[in-house]
Amino acid sequence: MGWTLGRYFFFRYVTITIWFFVGLLALVFLIDFTELSSRTTGVPGFTYGTAFAISGLRMPMIMLQTVPFVGLFSAMATLVSLNRRYELVIARSAGVSAWQFLLPCCIGALLFGVLSVGVINPIAAHAFSWSERIETQLRSGKSNAASTDAAPWIRQKTSSGDTIIGARAILNQGLEMANAVFFVLSPQGDIVERKDAVHAFLRVGYWELQDVKVFRDGKIQSMASDRVPTNLKPEFVQERLARPETIPFYDLPSKIEVARSFGLKANAFAMQFDSLVALPFLLVAMTLIAATVSMRFARMGQSATMILGGVLAGFLLYVVTVLVKAFGVAGFVPTVVAAWVPVVVAMFFGVTFLLYKEDG
């Protein structure tokens with residue numbers, strides 16, 4: 001296949017992918033903006049400009065989750081459109097095999113995955129953290145506001161006693177908490193003091209609390225700031241509290257290495273890193289799955305059943321990927337195996353089917 005024809009197929013795939021991505025972005029933004037506005041309309045200080053900014057900052061993170069589906073649908077749409085215009089028929093009659101005109105689509109899918117990991121992921125991590133900070137500040141005046149995600153509780157042990165720590169929102173990759181609560185325990189395990197802080201920051205050797213209410217012996221005392229001693233390391237807190245999605249791809253290897261140096265497994269961070277590394281090849285697998293149902297001659301008709309089967313196969317691959325990823329995070333299987341097995345199986349399925357259909 002010549003350079004001109006290969007470039008034509010490549011840019012056709014790129015154009016359709018961009019349209020799918022932009023269209024889905026607009027739809028997701030409209031849904032998220034409407035849902036966020038309905039939840040925060042009664043919050044003091046709410047403005048539609050603030051809701052617009054929060055939804056806009058969330059978009060890279062949400063779109064990163066939809067990348068496999070964009071790759072699947074764009075590959076199917078590209079091949080179906082080429083078939084309906086009889087361009088694949090002409091290419092076949094000129095001696096171009098299916099593997100040759102699929103190569104530009106696979107290269108486009110691979111580059112789309114690399115762009116998603118190398119560019120969209122770091123932007124999404126920083127933008128999502130920024131959106132959480134803005135939403136937390138917006139909700140700070142409403143103590144009964146529900147958080148978007150339930151933060152886990154942690155328990156620290158110090159020479160002065162144990163402390164149980166929880167928060168409504170986790171910010172700055174786990175090093176900052178909003179609407180935090182600290183339960184100070186006696187050596188016998190009884191709660192002797194409770195401290196509610198609007199913000200809590202992890203410093204070296206202590207938690208810095210701001211705008212604090214202290215409950216002790218049936219009395220309430222308000223304080224501008226306070227400190228709670230701790231021996232927790234930032235790496236431990238990040239491994240326990242931070243969401244792996246909020247850490248940029250380029251920072252994950254150092255986070256994993258430091259966490260493991262403290263004896264932590266860091267499975268969540270390792271699974272996130274391995275999944276991102278495998279994402280470009282997952283898109284190639286999605287392209288091969290799309291090819292198995294989208295390359296029939298136009299005059300033979302595009303079977304709706306076959307196309308629906310391709311869509312279901314893509315969704316099934318995504319579900320299996322998420323399921324195996326959960327096993328990797330739990331430590332039942334190595335994270336590298338959990339990230340790559342679905343991709344390899346899907347590629348073998350697509351290649352085997354195409355070999356059977358195209359090469360006999």
# chains A, B, ... in the order shown; residues from 1 in each chain; ligands from 1
>>> closest_atom_pairs(of="range 189-274 of chain A", to="range 315-337 of chain A", cutoff="8 Å", atoms="only C-alpha atoms", output="Markdown table")
| residue | atom | partner | partner_atom | distance |
| --- | --- | --- | --- | --- |
| A:Asn267 | CA | A:Val329 | CA | 5.0 |
| A:Ala268 | CA | A:Val329 | CA | 5.0 |
| A:Ala270 | CA | A:Thr335 | CA | 6.4 |
| A:Met271 | CA | A:Thr335 | CA | 5.1 |
| A:Asp274 | CA | A:Val336 | CA | 5.9 |
>>> residues_around(residues="Glu193 in chain A", least_positions_apart="4", cutoff="10 Å", atoms="only C-alpha atoms", output="list in words")
Thr163, Phe182, Phe183, Val184, Leu185, Ser186, Val214, Phe215, Arg216, Asp217 and Gly218 of chain A
>>> atom_distance(atom1="CA of Ala338 in chain A", atom2="CA of Phe273 in chain A")
11.6 Å
>>> closest_residue(among="A:Ala124, A:Val80, A:Val181, A:Val204", to="Pro244 in chain A", atoms="only C-alpha atoms")
A:Ala124
>>> atom_distance(atom1="CA of Leu276 in chain A", atom2="CA of Thr246 in chain A")
13.0 Å
>>> closest_residue(among="A:Leu288, A:Val293, A:Val119, A:Ala313", to="Leu103 in chain A", atoms="only C-alpha atoms")
A:Leu288
>>> residues_around(residues="Asp32 in chain A", least_positions_apart="2", cutoff="10 Å", atoms="only C-alpha atoms", output="ChimeraX atom specification")
/A:26-30,34-38,51-52,54-56,58-59,62
>>> closest_residue(among="A:Thr287, A:Thr78, A:Gln100, A:Ser131", to="Phe112 in chain A", atoms="only C-alpha atoms")
A:Thr287
>>> select_by_dssp(residues="range 33-227 of chain A", states="strand (DSSP E or B)", output="PyMOL selection string")
chain A and resi 154-158+161-171+176-185+191-203+206-216+219-227
>>> closest_residue(among="A:Lys157, A:Pro229, A:Asp251, A:Gln210", to="Gly118 in chain A", atoms="only C-alpha atoms")
A:Asp251
>>> residues_around(residues="Pro187 in chain A", least_positions_apart="6", cutoff="12 Å", atoms="only C-alpha atoms", output="list of chain:residue names")
A:Lys157, A:Thr158, A:Ser159, A:Ser160, A:Gly161, A:Asp162, A:Thr163
>>> write_last_selection(atoms="all heavy atoms", output="PDB file, in the first residue's frame")
ATOM      1  N   LYS A 157      -0.569   5.742  65.580  1.00  0.00           N
ATOM      2  CA  LYS A 157      -0.107   5.415  66.923  1.00  0.00           C
ATOM      3  C   LYS A 157       1.093   6.286  67.252  1.00  0.00           C
ATOM      4  O   LYS A 157       2.068   6.330  66.501  1.00  0.00           O
ATOM      5  CB  LYS A 157       0.281   3.934  67.007  1.00  0.00           C
ATOM      6  CG  LYS A 157      -0.877   2.975  66.776  1.00  0.00           C
ATOM      7  CD  LYS A 157      -0.404   1.524  66.856  1.00  0.00           C
ATOM      8  CE  LYS A 157      -1.556   0.553  66.634  1.00  0.00           C
ATOM      9  NZ  LYS A 157      -2.533   0.579  67.744  1.00  0.00           N
ATOM     10  N   THR A 158       1.002   7.007  68.369  1.00  0.00           N
ATOM     11  CA  THR A 158       2.102   7.840  68.842  1.00  0.00           C
ATOM     12  C   THR A 158       2.354   7.535  70.312  1.00  0.00           C
ATOM     13  O   THR A 158       1.597   6.804  70.961  1.00  0.00           O
ATOM     14  CB  THR A 158       1.793   9.335  68.658  1.00  0.00           C
ATOM     15  OG1 THR A 158       0.627   9.677  69.432  1.00  0.00           O
ATOM     16  CG2 THR A 158       1.532   9.663  67.189  1.00  0.00           C
ATOM     17  N   SER A 159       3.418   8.124  70.848  1.00  0.00           N
ATOM     18  CA  SER A 159       3.741   7.908  72.257  1.00  0.00           C
ATOM     19  C   SER A 159       2.674   8.470  73.190  1.00  0.00           C
ATOM     20  O   SER A 159       2.508   8.017  74.315  1.00  0.00           O
ATOM     21  CB  SER A 159       5.099   8.552  72.573  1.00  0.00           C
ATOM     22  OG  SER A 159       5.074   9.938  72.257  1.00  0.00           O
ATOM     23  N   SER A 160       1.936   9.486  72.709  1.00  0.00           N
ATOM     24  CA  SER A 160       0.891  10.097  73.528  1.00  0.00           C
ATOM     25  C   SER A 160      -0.445   9.371  73.431  1.00  0.00           C
ATOM     26  O   SER A 160      -1.392   9.715  74.146  1.00  0.00           O
ATOM     27  CB  SER A 160       0.708  11.563  73.126  1.00  0.00           C
ATOM     28  OG  SER A 160       0.359  11.665  71.756  1.00  0.00           O
ATOM     29  N   GLY A 161      -0.547   8.382  72.534  1.00  0.00           N
ATOM     30  CA  GLY A 161      -1.799   7.643  72.376  1.00  0.00           C
ATOM     31  C   GLY A 161      -2.182   7.512  70.919  1.00  0.00           C
ATOM     32  O   GLY A 161      -1.500   8.013  70.015  1.00  0.00           O
ATOM     33  N   ASP A 162      -3.290   6.805  70.691  1.00  0.00           N
ATOM     34  CA  ASP A 162      -3.767   6.591  69.325  1.00  0.00           C
ATOM     35  C   ASP A 162      -4.743   7.688  68.930  1.00  0.00           C
ATOM     36  O   ASP A 162      -5.443   8.264  69.780  1.00  0.00           O
ATOM     37  CB  ASP A 162      -4.446   5.237  69.197  1.00  0.00           C
ATOM     38  CG  ASP A 162      -3.459   4.081  69.407  1.00  0.00           C
ATOM     39  OD1 ASP A 162      -2.266   4.376  69.623  1.00  0.00           O
ATOM     40  OD2 ASP A 162      -3.896   2.924  69.368  1.00  0.00           O
ATOM     41  N   THR A 163      -4.814   7.937  67.636  1.00  0.00           N
ATOM     42  CA  THR A 163      -5.750   8.909  67.083  1.00  0.00           C
ATOM     43  C   THR A 163      -6.365   8.339  65.823  1.00  0.00           C
ATOM     44  O   THR A 163      -5.642   7.836  64.947  1.00  0.00           O
ATOM     45  CB  THR A 163      -5.057  10.243  66.753  1.00  0.00           C
ATOM     46  OG1 THR A 163      -4.400  10.744  67.919  1.00  0.00           O
ATOM     47  CG2 THR A 163      -6.071  11.273  66.270  1.00  0.00           C
TER      48      THR A 163
END
>>> select_by_dssp(residues="range 50-295 of chain A", states="alpha helix (DSSP H)", output="PyMOL selection string")
chain A and resi 50-84+87-93+98-115+121-139+234-241+252-261+267-294
>>> residues_around(residues="Val212 in chain A", least_positions_apart="5", cutoff="6 Å", atoms="only C-alpha atoms", output="JSON, numbers by chain")
{"A": [196, 197, 222, 223]}
>>> closest_residue(among="A:Val345, A:Val311, A:Met61, A:Ile164", to="Phe73 in chain A", atoms="only C-alpha atoms")
A:Val311
>>> residues_around(residues="Pro60 in chain A", least_positions_apart="4", cutoff="8 Å", atoms="only C-alpha atoms", output="list of chain:residue names")
A:Leu64, A:Ile120, A:Asn121, A:Ile123, A:Ala124, A:Ala127, A:Phe128
>>> atom_distance(atom1="CA of Arg194 in chain A", atom2="CA of Thr230 in chain A")
15.7 Å
>>> closest_residue(among="A:Ile247, A:Ile107, A:Met347, A:Val341", to="Gly314 in chain A", atoms="only C-alpha atoms")
A:Met347
